[in-house]
$ cat input-v8.txt   # compact mmCIF, C-alpha atoms and all ligand atoms
# COMPACT_ATOMS: atom_id res chain seq x y z
CA MET A 16 47.75 -22.34 38.63
CA SER A 17 45.24 -24.16 40.80
CA LYS A 18 41.97 -25.11 39.20
CA THR A 19 40.16 -24.50 42.44
CA THR A 20 41.04 -20.81 42.57
CA GLN A 21 40.83 -19.73 38.94
CA PRO A 22 40.06 -21.20 35.55
CA ALA A 23 43.16 -22.47 33.84
CA ARG A 24 41.70 -23.03 30.39
CA VAL A 25 39.86 -20.37 28.45
CA LEU A 26 38.27 -20.65 25.02
CA VAL A 27 38.06 -17.28 23.28
CA THR A 28 35.67 -16.78 20.38
CA GLY A 29 36.86 -13.89 18.22
CA GLY A 30 40.34 -14.11 19.72
CA ALA A 31 41.87 -13.02 16.41
CA GLY A 32 39.99 -9.70 16.43
CA TYR A 33 40.89 -6.35 17.92
CA ILE A 34 39.75 -6.71 21.53
CA GLY A 35 39.88 -10.50 21.60
CA SER A 36 43.54 -10.59 20.56
CA HIS A 37 44.54 -8.21 23.35
CA VAL A 38 42.71 -10.42 25.85
CA VAL A 39 44.27 -13.61 24.44
CA LEU A 40 47.72 -12.07 24.90
CA ALA A 41 46.87 -10.94 28.44
CA LEU A 42 45.59 -14.45 29.26
CA GLY A 43 48.76 -16.03 27.89
CA GLU A 44 50.92 -13.65 29.90
CA ALA A 45 48.91 -14.43 33.05
CA GLY A 46 49.55 -18.16 32.63
CA TYR A 47 46.20 -19.32 31.28
CA ASP A 48 45.91 -22.05 28.72
CA VAL A 49 44.07 -20.26 25.92
CA LEU A 50 42.48 -21.39 22.67
CA THR A 51 41.06 -19.03 20.05
CA TYR A 52 38.00 -19.95 17.97
CA ASP A 53 37.66 -17.55 15.05
CA ASN A 54 36.47 -17.62 11.43
CA LEU A 55 38.99 -14.89 10.49
CA SER A 56 36.23 -12.91 8.76
CA THR A 57 37.65 -9.73 10.25
CA GLY A 58 40.40 -11.04 12.52
CA SER A 59 43.89 -12.14 11.60
CA ARG A 60 45.87 -15.27 12.39
CA LYS A 61 48.97 -13.25 13.17
CA ALA A 62 47.09 -11.37 15.92
CA VAL A 63 46.79 -14.56 17.97
CA LEU A 64 49.90 -14.25 20.13
CA ALA A 65 49.10 -16.93 22.72
CA GLY A 66 47.75 -20.46 22.34
CA ASP A 67 46.38 -22.10 19.22
CA LEU A 68 43.70 -21.06 16.76
CA VAL A 69 40.77 -23.18 15.66
CA LEU A 70 39.54 -21.83 12.34
CA GLY A 71 35.80 -22.12 12.82
CA ASP A 72 32.49 -20.39 12.57
CA LEU A 73 29.95 -20.06 15.35
CA ALA A 74 27.33 -21.32 12.92
CA ASP A 75 29.22 -24.65 12.81
CA ARG A 76 27.67 -26.28 15.87
CA GLU A 77 29.46 -29.59 15.45
CA LEU A 78 32.89 -28.00 15.37
CA LEU A 79 31.96 -25.78 18.27
CA ILE A 80 30.86 -28.71 20.43
CA ARG A 81 33.86 -30.81 19.42
CA THR A 82 36.22 -27.94 20.24
CA LEU A 83 34.59 -27.42 23.63
CA GLU A 84 34.65 -31.11 24.46
CA GLU A 85 38.27 -31.55 23.44
CA PHE A 86 39.66 -28.39 25.01
CA ASN A 87 37.36 -28.64 28.02
CA PRO A 88 37.64 -25.00 29.08
CA ASP A 89 36.81 -23.73 32.54
CA ALA A 90 35.38 -20.61 30.94
CA VAL A 91 34.55 -19.18 27.54
CA MET A 92 34.95 -15.56 26.48
CA HIS A 93 32.68 -14.59 23.64
CA PHE A 94 33.97 -11.70 21.51
CA ALA A 95 33.12 -12.85 17.98
CA ALA A 96 30.52 -10.39 16.66
CA SER A 97 29.75 -7.65 14.19
CA ILE A 98 30.35 -4.25 15.75
CA GLU A 99 29.51 -1.33 13.48
CA VAL A 100 26.52 0.79 14.44
CA GLY A 101 26.07 2.30 10.97
CA GLU A 102 26.25 -1.05 9.21
CA SER A 103 23.77 -2.53 11.67
CA VAL A 104 21.21 0.06 10.59
CA SER A 105 21.63 -0.75 6.89
CA ASN A 106 22.05 -4.51 7.35
CA PRO A 107 20.18 -5.46 10.54
CA LEU A 108 19.79 -9.16 9.78
CA LYS A 109 23.56 -9.60 9.63
CA TYR A 110 23.64 -8.31 13.20
CA TYR A 111 20.84 -10.50 14.48
CA ARG A 112 22.47 -13.53 12.87
CA ASN A 113 26.07 -12.86 13.89
CA ASN A 114 25.37 -11.44 17.32
CA SER A 115 22.15 -13.05 18.51
CA VAL A 116 21.69 -16.33 16.61
CA ASN A 117 25.38 -17.24 16.83
CA ALA A 118 25.39 -16.46 20.55
CA LEU A 119 22.46 -18.86 20.90
CA ASN A 120 24.47 -21.53 19.07
CA LEU A 121 27.32 -20.95 21.45
CA LEU A 122 25.09 -21.21 24.53
CA GLU A 123 23.57 -24.46 23.29
CA ALA A 124 27.06 -25.82 22.64
CA LEU A 125 28.17 -24.78 26.14
CA ARG A 126 25.27 -26.72 27.60
CA THR A 127 26.02 -29.79 25.50
CA ALA A 128 29.67 -29.68 26.51
CA GLY A 129 28.93 -28.84 30.14
CA THR A 130 30.85 -25.54 30.20
CA GLY A 131 29.50 -23.44 33.04
CA GLN A 132 31.15 -20.00 32.81
CA LEU A 133 30.91 -17.34 30.14
CA ILE A 134 32.22 -13.80 29.79
CA PHE A 135 30.22 -11.90 27.22
CA SER A 136 31.26 -8.83 25.20
CA SER A 137 28.27 -6.56 25.51
CA THR A 138 28.05 -2.88 24.72
CA ALA A 139 26.90 0.49 25.98
CA ALA A 140 24.72 0.54 22.86
CA VAL A 141 22.17 -1.49 24.85
CA TYR A 142 21.25 1.74 26.67
CA GLY A 143 20.35 3.75 23.56
CA ASN A 144 20.05 7.42 24.51
CA PRO A 145 20.29 7.15 28.29
CA GLU A 146 17.89 9.26 30.33
CA GLN A 147 20.62 9.95 32.90
CA LEU A 148 24.39 10.26 32.67
CA PRO A 149 26.53 8.61 33.73
CA VAL A 150 24.48 5.55 32.89
CA PHE A 151 24.46 2.74 35.43
CA GLU A 152 23.96 -0.96 34.85
CA ASN A 153 20.36 -0.90 36.10
CA ALA A 154 19.26 1.79 33.61
CA PRO A 155 16.53 0.79 31.15
CA LEU A 156 17.72 -0.96 28.00
CA GLN A 157 16.41 0.98 25.01
CA PRO A 158 18.82 0.41 22.13
CA ILE A 159 18.38 2.75 19.16
CA ASN A 160 20.18 0.60 16.59
CA PRO A 161 20.19 -3.10 15.64
CA TYR A 162 23.74 -3.51 16.96
CA GLY A 163 22.62 -2.61 20.48
CA ALA A 164 19.43 -4.63 20.12
CA SER A 165 21.32 -7.71 18.96
CA LYS A 166 23.56 -7.58 22.02
CA MET A 167 20.64 -6.86 24.33
CA MET A 168 18.98 -10.04 23.11
CA THR A 169 22.01 -12.08 24.00
CA GLU A 170 22.03 -10.53 27.45
CA ARG A 171 18.46 -11.71 27.78
CA PHE A 172 19.42 -15.26 26.74
CA LEU A 173 22.10 -15.21 29.42
CA ALA A 174 19.82 -13.90 32.15
CA ASP A 175 17.17 -16.51 31.39
CA LEU A 176 19.67 -19.35 31.14
CA THR A 177 21.28 -18.64 34.47
CA GLN A 178 17.81 -18.49 36.06
CA ALA A 179 17.01 -21.90 34.63
CA ASP A 180 20.37 -23.50 35.37
CA ALA A 181 22.30 -22.60 38.50
CA ALA A 182 25.37 -24.39 37.11
CA PHE A 183 25.68 -21.70 34.45
CA ARG A 184 27.08 -18.31 35.45
CA TYR A 185 28.17 -15.37 33.32
CA VAL A 186 29.62 -11.91 33.39
CA SER A 187 28.43 -9.46 30.79
CA LEU A 188 30.82 -6.58 30.18
CA ARG A 189 29.20 -3.56 28.59
CA TYR A 190 31.99 -1.88 26.69
CA PHE A 191 31.94 1.83 26.09
CA ASN A 192 34.24 3.07 23.28
CA VAL A 193 37.24 0.81 23.15
CA ALA A 194 40.34 2.34 21.59
CA GLY A 195 44.13 2.41 21.78
CA ALA A 196 46.59 -0.41 21.21
CA ASP A 197 48.94 -2.65 23.11
CA PRO A 198 51.44 -0.22 24.72
CA ALA A 199 54.30 -2.36 23.34
CA SER A 200 52.74 -2.16 19.82
CA ARG A 201 52.47 -5.92 19.44
CA LEU A 202 48.74 -5.61 18.64
CA GLY A 203 46.18 -3.02 17.64
CA GLN A 204 43.17 -2.48 15.44
CA ASP A 205 43.66 -3.80 11.93
CA TYR A 206 40.42 -3.80 9.95
CA ALA A 207 40.23 -3.53 6.18
CA ASN A 208 37.63 -0.73 6.41
CA PRO A 209 37.85 0.83 9.85
CA THR A 210 34.91 3.02 10.82
CA HIS A 211 35.79 3.99 14.38
CA LEU A 212 36.64 7.59 15.07
CA ILE A 213 40.14 7.27 16.52
CA THR A 214 41.36 4.85 13.85
CA ARG A 215 39.85 6.99 11.08
CA ALA A 216 41.45 10.14 12.50
CA LEU A 217 44.92 8.58 12.72
CA LYS A 218 44.72 7.02 9.26
CA THR A 219 43.65 10.42 7.93
CA ALA A 220 46.73 11.95 9.61
CA LEU A 221 48.82 9.34 7.77
CA GLY A 222 47.22 10.30 4.44
CA ILE A 223 45.46 6.94 4.04
CA PHE A 224 42.10 8.74 3.97
CA PRO A 225 41.79 12.16 2.35
CA LYS A 226 39.64 13.66 5.10
CA LEU A 227 37.89 12.92 8.37
CA GLN A 228 34.16 13.48 8.49
CA VAL A 229 32.43 14.65 11.66
CA PHE A 230 29.04 13.02 11.78
CA GLY A 231 26.77 15.69 13.21
CA THR A 232 27.44 19.01 14.94
CA ASP A 233 23.90 19.65 16.18
CA TYR A 234 23.74 17.25 19.12
CA PRO A 235 22.71 18.59 22.54
CA THR A 236 26.28 18.47 23.83
CA LEU A 237 28.75 21.23 24.73
CA ASP A 238 30.25 21.52 21.24
CA GLY A 239 27.42 19.86 19.29
CA THR A 240 29.33 16.65 18.52
CA CYS A 241 28.73 13.25 20.14
CA VAL A 242 30.40 12.47 23.45
CA ARG A 243 31.83 9.04 24.23
CA ASP A 244 33.67 7.38 27.12
CA TYR A 245 36.85 6.05 25.46
CA ILE A 246 38.46 3.13 27.29
CA HIS A 247 41.94 1.78 26.56
CA VAL A 248 41.93 -1.77 25.21
CA ALA A 249 44.60 -2.89 27.71
CA ASP A 250 42.39 -1.78 30.62
CA LEU A 251 39.48 -3.61 29.04
CA ALA A 252 41.62 -6.74 28.72
CA GLN A 253 42.37 -6.49 32.44
CA ALA A 254 38.62 -6.29 33.16
CA HIS A 255 38.23 -9.68 31.46
CA LEU A 256 40.89 -11.25 33.64
CA ASP A 257 39.21 -9.74 36.69
CA ALA A 258 35.87 -11.17 35.52
CA LEU A 259 37.43 -14.64 35.14
CA ARG A 260 38.69 -14.53 38.71
CA TYR A 261 35.27 -13.35 39.86
CA LEU A 262 33.50 -16.30 38.25
CA ALA A 263 36.16 -18.73 39.41
CA ALA A 264 35.55 -17.55 42.98
CA GLY A 265 31.96 -18.78 42.63
CA ARG A 266 30.37 -15.32 42.50
CA PRO A 267 26.95 -14.85 40.91
CA SER A 268 26.22 -13.77 37.36
CA ALA A 269 26.62 -10.02 36.92
CA ILE A 270 26.74 -7.15 34.46
CA PHE A 271 29.40 -4.44 34.53
CA ASN A 272 29.95 -1.25 32.58
CA CYS A 273 33.47 -0.84 31.21
CA GLY A 274 34.39 2.80 30.91
CA TYR A 275 36.15 5.53 32.88
CA GLY A 276 33.17 7.67 33.84
CA HIS A 277 33.97 10.70 31.70
CA GLY A 278 33.60 11.54 28.04
CA PHE A 279 35.18 13.37 25.14
CA SER A 280 33.47 14.88 22.13
CA VAL A 281 34.34 14.06 18.53
CA LYS A 282 36.01 17.48 18.35
CA ASP A 283 38.06 16.76 21.51
CA VAL A 284 39.28 13.52 19.95
CA ILE A 285 40.23 15.24 16.70
CA ALA A 286 42.15 17.96 18.56
CA MET A 287 44.03 15.27 20.51
CA ALA A 288 44.75 13.30 17.33
CA LYS A 289 46.31 16.41 15.79
CA ALA A 290 48.33 17.12 18.93
CA VAL A 291 49.62 13.56 19.31
CA THR A 292 50.53 13.10 15.65
CA GLY A 293 51.81 16.65 15.20
CA LEU A 294 49.99 16.56 11.85
CA ASP A 295 47.15 18.60 10.51
CA PHE A 296 44.49 16.93 8.39
CA THR A 297 41.27 17.87 6.65
CA VAL A 298 38.12 17.68 8.77
CA GLU A 299 34.70 17.98 7.17
CA GLU A 300 31.59 18.59 9.21
CA THR A 301 28.73 16.62 7.79
CA GLY A 302 25.30 15.26 8.80
CA ARG A 303 24.50 12.80 11.54
CA ARG A 304 25.22 9.09 11.14
CA GLU A 305 22.11 7.01 11.75
CA GLY A 306 21.92 5.19 15.04
CA ASP A 307 24.28 7.40 17.07
CA PRO A 308 23.24 8.42 20.59
CA ALA A 309 24.34 11.93 21.63
CA GLU A 310 26.27 11.02 24.74
CA LEU A 311 27.43 7.86 26.49
CA ILE A 312 29.31 7.96 29.77
CA ALA A 313 29.74 4.95 32.01
CA GLY A 314 28.81 4.76 35.63
CA CYS A 315 31.84 2.64 36.52
CA GLU A 316 31.78 2.22 40.29
CA LYS A 317 30.36 -1.31 40.17
CA ILE A 318 33.22 -2.87 38.22
CA ARG A 319 35.79 -1.21 40.46
CA ARG A 320 33.98 -2.32 43.59
CA GLU A 321 32.98 -5.87 42.67
CA LEU A 322 35.74 -6.93 40.28
CA GLY A 323 38.49 -4.83 41.88
CA TRP A 324 39.24 -3.41 38.42
CA GLN A 325 42.02 -0.81 38.47
CA PRO A 326 42.54 0.88 35.12
CA CYS A 327 46.01 2.16 34.20
CA TYR A 328 45.37 4.14 31.00
CA ASP A 329 42.56 6.53 31.85
CA ASP A 330 44.09 9.23 29.66
CA LEU A 331 42.90 10.22 26.17
CA GLU A 332 46.42 11.23 25.17
CA MET A 333 47.76 7.78 26.12
CA ILE A 334 44.96 6.12 24.16
CA LEU A 335 45.83 8.16 21.08
CA ARG A 336 49.59 7.67 21.54
CA THR A 337 49.41 3.88 21.69
CA ALA A 338 47.01 3.82 18.72
CA TRP A 339 49.33 6.16 16.81
CA ASP A 340 52.41 3.98 17.46
CA TRP A 341 50.43 1.02 16.15
CA GLU A 342 49.16 2.85 13.06
CA LYS A 343 52.70 3.93 12.16
CA LYS A 344 53.89 0.35 12.54
CA LEU A 345 51.04 -0.92 10.33
CA ALA A 346 51.72 1.72 7.68
CA ALA A 347 55.44 0.87 7.63
CA ALA A 348 54.68 -2.85 7.19
CA LYS A 349 52.21 -2.39 4.33
CA PRO A 350 53.30 -1.58 0.79
N1 LIG B 1 32.49 9.52 14.15
C1 LIG B 1 32.74 10.58 13.29
N2 LIG B 1 33.49 10.35 12.18
C2 LIG B 1 34.02 9.12 11.88
C3 LIG B 1 33.75 8.04 12.77
C4 LIG B 1 32.98 8.28 13.89
O1 LIG B 1 32.30 11.71 13.53
O2 LIG B 1 34.68 8.97 10.84
C5 LIG B 1 31.69 9.75 15.36
C6 LIG B 1 30.45 8.88 15.46
O3 LIG B 1 29.36 9.47 14.78
C7 LIG B 1 30.25 8.80 16.98
C8 LIG B 1 31.67 8.88 17.54
O4 LIG B 1 32.48 9.40 16.48
O5 LIG B 1 29.55 9.95 17.42
C9 LIG B 1 32.21 7.51 17.92
O6 LIG B 1 31.95 6.61 16.83
P1 LIG B 1 32.69 5.22 16.69
O7 LIG B 1 32.27 4.65 15.37
O8 LIG B 1 34.15 5.41 16.94
O9 LIG B 1 32.12 4.35 17.88
P2 LIG B 1 30.61 4.01 18.34
O10 LIG B 1 30.25 5.04 19.35
O11 LIG B 1 29.75 4.04 17.12
O12 LIG B 1 30.73 2.65 18.93
$ encode --input "input-v8.txt" --output "C-alpha cells" --more "lines below"
Ligand code: UDP
Amino acid sequence: MSKTTQPARVLVTGGAGYIGSHVVLALGEAGYDVLTYDNLSTGSRKAVLAGDLVLGDLADRELLIRTLEEFNPDAVMHFAASIEVGESVSNPLKYYRNNSVNALNLLEALRTAGTGQLIFSSTAAVYGNPEQLPVFENAPLQPINPYGASKMMTERFLADLTQADAAFRYVSLRYFNVAGADPASRLGQDYANPTHLITRALKTALGIFPKLQVFGTDYPTLDGTCVRDYIHVADLAQAHLDALRYLAAGRPSAIFNCGYGHGFSVKDVIAMAKAVTGLDFTVEETGRREGDPAELIAGCEKIRRELGWQPCYDDLEMILRTAWDWEKKLAAAKP
C-alpha cells in the first residue's frame, strides 16, 4: 500500500468496543497497519481481531503521546466514548468528561505528535428533534441530551482546530442507529448491560431479560413509538474506510451523516425481532425515556456522493439476522 495514496497506519481509540472492533477488523482485512488504544472499560480484548492493543486511557496524556509518537499513524479514528442517551441525562458530567474532555486530550496529543488526520465518531443526537426530516448535515445543532451535546462540543473543537491549522483535517461521521453484527459472526455487540433496542429485544427473545419495554407510545409518529434510521455496523465500517481514503486524497474536512435515509418505529423493530427469531416475548408499553427525540432519519446523499459510500445491508431483516446469529453465539459461549 503506497503512503502517497492512502494512510497505511491507523490508530483506533475504542477499537475494542462494538463499532470500533468492526472497523479494526475491516482495516486489517483491507491491509492497513492498525493499533487499538482502549481502556477496556466497556470493550473486550478478544474483540480486537487485527493489530495490537495498547491498554490505555484517553485521560493518560503521556501514554497517548508516546503511543502516537511510536506508532506514527497517518490517521486516527476516535471511537472511545460513552454512548447511552438515558445515562447521559442522569450522569451528564461523565459524558462531558469522556466525550468532550477526553477528545480535547486526544486533539492536543495529535498536535504534539504531529498527526494530521482524524475520523471522529459523531452522532445524529447532535440534531436533537430535527425541524425537517430527513435531516441534512447543515441542519441546526440543537441536542436535547448531554450525549448529543458532548459530541457537538467535540465537533466544534474540530471545526475550530482545522480553521487554525491547515495541516489538520478531519471527517466527522454522524452515526444514526448502529446495529447488527459481523455477517460472519466474528464480532457483535457485547456489553454487560446493553440498553439499545435491538440488542434488548433479541436478549429478551433468548430469555435473558424477562420483558422488553417500549419507551413511549405517544410520540407524533405513525404508531406513536420513536422512529430511527438503523444502519448495519458493517456498512458503517465501510464508511470509515471510505473516509480514510477521502482524507488521504487531500480532501477538505467534512461532516457526513451515516444512515440509509429511512426509518423504522420501535414497534416495527419488535415485529421484525419476533419474525427473525421465530420467538414470541413479552412487550410492555411504558412511559417515555428522557432525552429521546421522536424521529431521526438521515439525509444520506452527501456521503454517497462525496465518499462514494455504497452500503450493502440496507435491510432491517438482515440487521436483525446478523445480530441474532451473534446473540445466539454469545449465549452458547456463556454459562
Ligand atoms: N427503546 C425502547 N426500549 C428499549 C430500548 C430502546 O423502547 O429497551 C427505544 C428508545 O426509547 C428509542 C429507540 O428504542 O426510541 C432506540 O433507542 P436505542 O437506545 O436503541 O438508541 P438511541 O436512539 O437512543 O441511540
$ atom_distance --input "input-v8.txt" --atom1 "CA of His277 (chain A)" --atom2 "CA of Val150 (chain A)"
10.9 Å
$ residues_around --input "input-v8.txt" --residues "Asn192 (chain A)" --least-positions-apart "5" --cutoff "6 Å" --atoms "all atoms listed in the file" --output "PyMOL selection string"
chain A and resi 244-246
$ closest_atom_pairs --input "input-v8.txt" --of "region 48-126 of chain A" --to "region 175-188 of chain A" --cutoff "10 Å" --atoms "all atoms listed in the file" --output "CSV"
residue,atom,partner,partner_atom,distance
A:Ala90,CA,A:Tyr185,CA,9.2
A:Val91,CA,A:Tyr185,CA,9.4
A:Met92,CA,A:Val186,CA,9.5
A:His93,CA,A:Ser187,CA,9.8
A:Leu122,CA,A:Leu176,CA,8.7
A:Leu125,CA,A:Phe183,CA,9.2
A:Arg126,CA,A:Phe183,CA,8.5
$ write_last_selection --input "input-v8.txt" --atoms "C-alpha atoms" --output "tab-separated table (two decimals), in the frame of the given file"
chain	number	residue	atom	x	y	z
A	90	ALA	CA	35.38	-20.61	30.94
A	91	VAL	CA	34.55	-19.18	27.54
A	92	MET	CA	34.95	-15.56	26.48
A	93	HIS	CA	32.68	-14.59	23.64
A	122	LEU	CA	25.09	-21.21	24.53
A	125	LEU	CA	28.17	-24.78	26.14
A	126	ARG	CA	25.27	-26.72	27.60
$ residues_near_point --input "input-v8.txt" --point "(27.9, -26.4, 14.8)" --cutoff "12 Å" --atoms "all atoms listed in the file" --output "list of chain:residue names"
A:Gly71, A:Asp72, A:Leu73, A:Ala74, A:Asp75, A:Arg76, A:Glu77, A:Leu78, A:Leu79, A:Ile80, A:Arg81, A:Thr82, A:Leu83, A:Val116, A:Asn117, A:Ala118, A:Leu119, A:Asn120, A:Leu121, A:Leu122, A:Glu123, A:Ala124, A:Leu125, A:Thr127
$ atom_distance --input "input-v8.txt" --atom1 "CA of Asp295 (chain A)" --atom2 "CA of Lys343 (chain A)"
15.8 Å
$ residues_near_ligand --input "input-v8.txt" --ligand "ligand LIG 1 (chain B)" --cutoff "10 Å" --atoms "all atoms listed in the file" --output "compact mmCIF listing (two decimals) with C-alpha atoms, in the frame of the given file"
# COMPACT_ATOMS: atom_id res chain seq x y z
CA ILE A 98 30.35 -4.25 15.75
CA GLU A 99 29.51 -1.33 13.48
CA VAL A 100 26.52 0.79 14.44
CA GLY A 101 26.07 2.30 10.97
CA THR A 138 28.05 -2.88 24.72
CA ALA A 139 26.90 0.49 25.98
CA ALA A 140 24.72 0.54 22.86
CA TYR A 162 23.74 -3.51 16.96
CA GLY A 163 22.62 -2.61 20.48
CA TYR A 190 31.99 -1.88 26.69
CA PHE A 191 31.94 1.83 26.09
CA ASN A 192 34.24 3.07 23.28
CA VAL A 193 37.24 0.81 23.15
CA ALA A 194 40.34 2.34 21.59
CA PRO A 209 37.85 0.83 9.85
CA THR A 210 34.91 3.02 10.82
CA HIS A 211 35.79 3.99 14.38
CA LEU A 212 36.64 7.59 15.07
CA ILE A 213 40.14 7.27 16.52
CA THR A 214 41.36 4.85 13.85
CA ARG A 215 39.85 6.99 11.08
CA ALA A 216 41.45 10.14 12.50
CA THR A 219 43.65 10.42 7.93
CA LYS A 226 39.64 13.66 5.10
CA LEU A 227 37.89 12.92 8.37
CA GLN A 228 34.16 13.48 8.49
CA VAL A 229 32.43 14.65 11.66
CA PHE A 230 29.04 13.02 11.78
CA GLY A 231 26.77 15.69 13.21
CA THR A 232 27.44 19.01 14.94
CA TYR A 234 23.74 17.25 19.12
CA THR A 240 29.33 16.65 18.52
CA CYS A 241 28.73 13.25 20.14
CA VAL A 242 30.40 12.47 23.45
CA ARG A 243 31.83 9.04 24.23
CA ASP A 244 33.67 7.38 27.12
CA TYR A 245 36.85 6.05 25.46
CA PHE A 279 35.18 13.37 25.14
CA SER A 280 33.47 14.88 22.13
CA VAL A 281 34.34 14.06 18.53
CA LYS A 282 36.01 17.48 18.35
CA VAL A 284 39.28 13.52 19.95
CA ILE A 285 40.23 15.24 16.70
CA VAL A 298 38.12 17.68 8.77
CA GLU A 299 34.70 17.98 7.17
CA GLU A 300 31.59 18.59 9.21
CA THR A 301 28.73 16.62 7.79
CA GLY A 302 25.30 15.26 8.80
CA ARG A 303 24.50 12.80 11.54
CA ARG A 304 25.22 9.09 11.14
CA GLU A 305 22.11 7.01 11.75
CA GLY A 306 21.92 5.19 15.04
CA ASP A 307 24.28 7.40 17.07
CA PRO A 308 23.24 8.42 20.59
CA ALA A 309 24.34 11.93 21.63
CA GLU A 310 26.27 11.02 24.74
CA LEU A 311 27.43 7.86 26.49
$ residues_around --input "input-v8.txt" --residues "region 61-65 of chain A" --least-positions-apart "4" --cutoff "7 Å" --atoms "all atoms listed in the file" --output "mmCIF file with C-alpha atoms, keeping the file's coordinate frame"
data_model
loop_
_atom_site.group_PDB
_atom_site.id
_atom_site.type_symbol
_atom_site.label_atom_id
_atom_site.label_comp_id
_atom_site.auth_asym_id
_atom_site.auth_seq_id
_atom_site.Cartn_x
_atom_site.Cartn_y
_atom_site.Cartn_z
ATOM 1 C CA GLY A 30 40.340 -14.110 19.720
ATOM 2 C CA ALA A 31 41.870 -13.020 16.410
ATOM 3 C CA SER A 36 43.540 -10.590 20.560
ATOM 4 C CA VAL A 39 44.270 -13.610 24.440
ATOM 5 C CA LEU A 40 47.720 -12.070 24.900
ATOM 6 C CA GLY A 43 48.760 -16.030 27.890
ATOM 7 C CA VAL A 49 44.070 -20.260 25.920
ATOM 8 C CA LEU A 202 48.740 -5.610 18.640
#
$ atom_distance --input "input-v8.txt" --atom1 "CA of Ile159 (chain A)" --atom2 "CA of Asn144 (chain A)"
7.3 Å
$ closest_residue --input "input-v8.txt" --among "A:Ile134, A:Asp250, A:Gly195, A:Ala346" --to "Leu331 (chain A)" --atoms "all atoms listed in the file"
A:Gly195
$ decode --input "input-v8.txt" --residues "region 31-46 of chain A" --atoms "N, CA and C atoms" --output "compact mmCIF listing (two decimals), in the first residue's frame"
# COMPACT_ATOMS: atom_id res chain seq x y z
N ALA A 31 -11.65 -1.71 20.82
CA ALA A 31 -12.13 -2.96 21.43
C ALA A 31 -13.63 -2.93 21.69
N GLY A 32 -14.27 -1.82 21.29
CA GLY A 32 -15.72 -1.69 21.50
C GLY A 32 -16.51 -2.20 20.31
N TYR A 33 -17.80 -1.99 20.38
CA TYR A 33 -18.71 -2.57 19.36
C TYR A 33 -18.37 -2.08 17.95
N ILE A 34 -18.49 -0.79 17.71
CA ILE A 34 -18.26 -0.30 16.35
C ILE A 34 -16.76 -0.32 16.03
N GLY A 35 -15.96 0.13 16.99
CA GLY A 35 -14.51 0.17 16.77
C GLY A 35 -13.95 -1.18 16.36
N SER A 36 -14.40 -2.24 16.98
CA SER A 36 -13.84 -3.57 16.67
C SER A 36 -14.19 -4.00 15.25
N HIS A 37 -15.39 -3.64 14.80
CA HIS A 37 -15.74 -3.97 13.40
C HIS A 37 -14.85 -3.19 12.43
N VAL A 38 -14.54 -1.95 12.78
CA VAL A 38 -13.70 -1.14 11.90
C VAL A 38 -12.25 -1.65 11.93
N VAL A 39 -11.77 -2.02 13.12
CA VAL A 39 -10.41 -2.57 13.21
C VAL A 39 -10.28 -3.81 12.32
N LEU A 40 -11.27 -4.67 12.37
CA LEU A 40 -11.23 -5.88 11.53
C LEU A 40 -11.25 -5.50 10.05
N ALA A 41 -12.12 -4.55 9.70
CA ALA A 41 -12.19 -4.13 8.29
C ALA A 41 -10.87 -3.50 7.83
N LEU A 42 -10.23 -2.74 8.72
CA LEU A 42 -8.93 -2.15 8.38
C LEU A 42 -7.89 -3.24 8.17
N GLY A 43 -7.87 -4.20 9.08
CA GLY A 43 -6.91 -5.31 8.95
C GLY A 43 -7.12 -6.04 7.64
N GLU A 44 -8.37 -6.31 7.31
CA GLU A 44 -8.66 -7.05 6.07
C GLU A 44 -8.31 -6.23 4.83
N ALA A 45 -8.35 -4.91 4.96
CA ALA A 45 -8.01 -4.05 3.82
C ALA A 45 -6.50 -3.79 3.73
N GLY A 46 -5.73 -4.34 4.64
CA GLY A 46 -4.28 -4.22 4.54
C GLY A 46 -3.66 -3.08 5.33
